[in-house]
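S.K.: This is start36.cif (mmCIF, C-alpha atoms, pLDDT in the B column; chains and numbers go by the auth columns).
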data_model
loop_
_atom_site.group_PDB
_atom_site.id
_atom_site.type_symbol
_atom_site.label_atom_id
_atom_site.label_comp_id
_atom_site.label_asym_id
_atom_site.label_seq_id
_atom_site.Cartn_x
_atom_site.Cartn_y
_atom_site.Cartn_z
_atom_site.B_iso_or_equiv
_atom_site.auth_seq_id
_atom_site.auth_asym_id
ATOM 1 C CA TYR A 1 -0.702 -21.870 -1.984 62.00 95 A
ATOM 2 C CA PHE A 2 0.189 -25.482 -1.347 72.00 96 A
ATOM 3 C CA GLU A 3 2.998 -27.443 -2.958 78.00 97 A
ATOM 4 C CA PHE A 4 3.509 -31.192 -2.992 85.00 98 A
ATOM 5 C CA ASN A 5 6.681 -32.290 -1.188 82.00 99 A
ATOM 6 C CA VAL A 6 7.997 -35.449 -2.890 85.00 100 A
ATOM 7 C CA ILE A 7 10.124 -36.349 0.143 84.00 101 A
ATOM 8 C CA THR A 8 7.367 -36.282 2.762 84.00 102 A
ATOM 9 C CA GLY A 9 4.535 -37.131 0.389 86.00 103 A
ATOM 10 C CA LEU A 10 2.496 -34.264 1.825 86.00 104 A
ATOM 11 C CA PHE A 11 1.114 -31.000 0.526 83.00 105 A
ATOM 12 C CA GLU A 12 2.796 -28.139 2.385 82.00 106 A
ATOM 13 C CA LEU A 13 1.769 -24.534 2.730 74.00 107 A
ATOM 14 C CA ARG A 14 4.238 -22.354 0.810 69.00 108 A
ATOM 15 C CA SER A 15 2.540 -18.982 0.963 58.00 109 A
ATOM 16 C CA THR A 16 -0.578 -17.411 2.353 56.00 110 A
ATOM 17 C CA LYS A 17 -0.220 -14.403 0.083 55.00 111 A
ATOM 18 C CA ILE A 18 -2.912 -14.123 -2.526 59.00 112 A
ATOM 19 C CA ASN A 19 -2.960 -11.991 -5.618 64.00 113 A
ATOM 20 C CA PRO A 20 -1.890 -8.466 -4.786 71.00 114 A
ATOM 21 C CA ARG A 21 -4.518 -5.783 -4.327 84.00 115 A
ATOM 22 C CA ARG A 22 -4.224 -2.895 -6.769 88.00 116 A
ATOM 23 C CA VAL A 23 -4.978 0.650 -5.699 91.00 117 A
ATOM 24 C CA ILE A 24 -5.234 3.307 -8.399 93.00 118 A
ATOM 25 C CA ILE A 25 -4.047 6.663 -7.078 95.00 119 A
ATOM 26 C CA PRO A 26 -5.104 9.756 -8.998 96.00 120 A
ATOM 27 C CA VAL A 27 -2.710 12.664 -9.421 97.00 121 A
ATOM 28 C CA GLY A 28 -4.825 15.735 -8.730 96.00 122 A
ATOM 29 C CA LEU A 29 -2.257 18.423 -9.491 97.00 123 A
ATOM 30 C CA ASP A 30 0.899 18.658 -11.573 98.00 124 A
ATOM 31 C CA GLY A 31 3.868 18.315 -9.237 98.00 125 A
ATOM 32 C CA GLN A 32 1.860 16.583 -6.497 97.00 126 A
ATOM 33 C CA THR A 33 4.070 14.771 -3.983 97.00 127 A
ATOM 34 C CA ALA A 34 1.768 13.883 -1.068 97.00 128 A
ATOM 35 C CA PHE A 35 -0.974 11.282 -1.299 96.00 129 A
ATOM 36 C CA PRO A 36 -2.551 11.090 2.160 94.00 130 A
ATOM 37 C CA ALA A 37 -4.599 7.983 2.961 89.00 131 A
ATOM 38 C CA ALA A 38 -3.678 6.436 -0.407 87.00 132 A
ATOM 39 C CA LEU A 39 -3.457 2.949 1.118 84.00 133 A
ATOM 40 C CA PRO A 40 -6.438 1.093 2.556 81.00 134 A
ATOM 41 C CA ALA A 41 -6.739 1.028 6.339 75.00 135 A
ATOM 42 C CA ILE A 42 -6.399 -2.781 6.467 64.00 136 A
ATOM 43 C CA VAL A 43 -2.739 -2.801 5.383 59.00 137 A
ATOM 44 C CA ASN A 44 -0.506 -3.596 8.383 61.00 138 A
ATOM 45 C CA ASN A 45 3.031 -3.150 7.059 59.00 139 A
ATOM 46 C CA PRO A 46 2.767 -1.277 3.756 57.00 140 A
ATOM 47 C CA ALA A 47 6.409 -0.302 3.298 67.00 141 A
ATOM 48 C CA ASP A 48 7.398 -3.964 3.063 66.00 142 A
ATOM 49 C CA THR A 49 4.438 -5.063 0.993 76.00 143 A
ATOM 50 C CA THR A 50 3.950 -2.424 -1.703 86.00 144 A
ATOM 51 C CA LYS A 51 5.112 -1.838 -5.259 91.00 145 A
ATOM 52 C CA LEU A 52 4.408 1.388 -7.103 94.00 146 A
ATOM 53 C CA PHE A 53 4.126 1.669 -10.865 95.00 147 A
ATOM 54 C CA VAL A 54 3.923 4.984 -12.723 96.00 148 A
ATOM 55 C CA ASN A 55 2.635 4.614 -16.269 95.00 149 A
ATOM 56 C CA GLY A 56 3.447 0.901 -16.102 93.00 150 A
ATOM 57 C CA ILE A 57 7.062 1.318 -14.916 94.00 151 A
ATOM 58 C CA GLU A 58 7.996 0.025 -11.472 94.00 152 A
ATOM 59 C CA GLN A 59 9.459 2.672 -9.181 95.00 153 A
ATOM 60 C CA THR A 60 12.177 2.136 -6.579 93.00 154 A
ATOM 61 C CA TYR A 61 11.230 2.336 -2.921 92.00 155 A
ATOM 62 C CA ALA A 62 13.141 5.043 -0.973 92.00 156 A
ATOM 63 C CA THR A 63 14.472 6.509 -4.227 94.00 157 A
ATOM 64 C CA ASP A 64 11.228 7.402 -5.972 96.00 158 A
ATOM 65 C CA HIS A 65 8.646 7.020 -3.218 95.00 159 A
ATOM 66 C CA VAL A 66 8.113 6.154 0.429 92.00 160 A
ATOM 67 C CA VAL A 67 5.169 4.809 2.379 89.00 161 A
ATOM 68 C CA ALA A 68 4.422 5.798 5.967 87.00 162 A
ATOM 69 C CA GLY A 69 1.263 4.444 7.514 83.00 163 A
ATOM 70 C CA ARG A 70 -1.439 4.900 4.891 87.00 164 A
ATOM 71 C CA ASN A 71 0.386 7.775 3.166 91.00 165 A
ATOM 72 C CA LEU A 72 2.383 7.690 -0.054 93.00 166 A
ATOM 73 C CA THR A 73 4.989 10.380 -0.759 95.00 167 A
ATOM 74 C CA TRP A 74 6.624 10.904 -4.153 97.00 168 A
ATOM 75 C CA ILE A 75 10.310 11.836 -3.704 97.00 169 A
ATOM 76 C CA SER A 76 11.832 11.013 -7.093 96.00 170 A
ATOM 77 C CA PRO A 77 14.535 13.418 -8.278 95.00 171 A
ATOM 78 C CA ASP A 78 14.063 12.155 -11.842 95.00 172 A
ATOM 79 C CA PHE A 79 10.671 13.642 -12.709 96.00 173 A
ATOM 80 C CA SER A 80 7.607 15.319 -11.274 97.00 174 A
ATOM 81 C CA LEU A 81 4.187 13.742 -11.473 98.00 175 A
ATOM 82 C CA VAL A 82 1.526 15.264 -13.721 98.00 176 A
ATOM 83 C CA THR A 83 -2.226 14.750 -13.798 97.00 177 A
ATOM 84 C CA THR A 84 -2.003 12.399 -16.777 97.00 178 A
ATOM 85 C CA ASP A 85 0.299 9.966 -14.929 97.00 179 A
ATOM 86 C CA GLN A 86 -1.228 6.660 -13.878 95.00 180 A
ATOM 87 C CA LEU A 87 -0.170 5.504 -10.410 96.00 181 A
ATOM 88 C CA HIS A 88 -0.876 1.885 -9.529 94.00 182 A
ATOM 89 C CA LEU A 89 0.070 0.693 -6.071 92.00 183 A
ATOM 90 C CA PHE A 90 0.126 -3.064 -5.536 89.00 184 A
ATOM 91 C CA ILE A 91 -0.199 -4.364 -1.987 84.00 185 A
ATOM 92 C CA GLN A 92 0.674 -7.948 -1.087 76.00 186 A
#
Show this structure as structure tokens.
M.R.:
Amino acid sequence: YFEFNVITGLFELRSTKINPRRVIIPVGLDGQTAFPAALPAIVNNPADTTKLFVNGIEQTYATDHVVAGRNLTWISPDFSLVTTDQLHLFIQ
């Protein structure tokens, strides 16, 4: 987006990021931890650009989940995933 700079009198580019892309990841089995190819192939640096929500609650990277390449792995010690959980991964 562009923002007007009152000092220079010019519009300046502040960010090229657009609205995040949302990927819905189904949980196929109770206790599932591996989600291979969960991220789209076009993502270049997913670990730095993703946020995971389980049932609407944001999860902590490296505590609850990790991303490697296009793969998502659930590592949370707090609870196991079940098939009724809703996983939403947002990619900037």
S.K.: What residues come out when you apply the PyMOL selection byres ((chain A and resi 164) around 6) to this file, written as a PyMOL selection string?
M.R.: chain A and resi 131-133+163+165
S.K.: For the file shown, what are the residues hit by the PyMOL selection byres ((chain A and resi 152-161) around 12), laid out as an MDAnalysis selection string?
M.R.: chainID A and resid 127:133 137:151 162:175 180:185
S.K.: Atom CA of A:Ala135 and atom CA of A:Leu107 are how many Å apart?
M.R.: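 These two atoms are separated by 27.2 Å.
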S.K.: Do you have the atom CA of A:Asp179-atom CA of A:Pro114 distance handy?
M.R.: 21.2 Å
S.K.: Provide an axis-aligned box for all listed atoms of stretch 152-155 of chain A, padding each side by 8 Å; report its centre and its edge lengths in Å to one decimal, as lines of an AutoDock Vina configuration file.
M.R.:
center_x = 10.1
center_y = 1.3
center_z = -7.2
size_x = 20.2
size_y = 18.6
size_z = 24.6
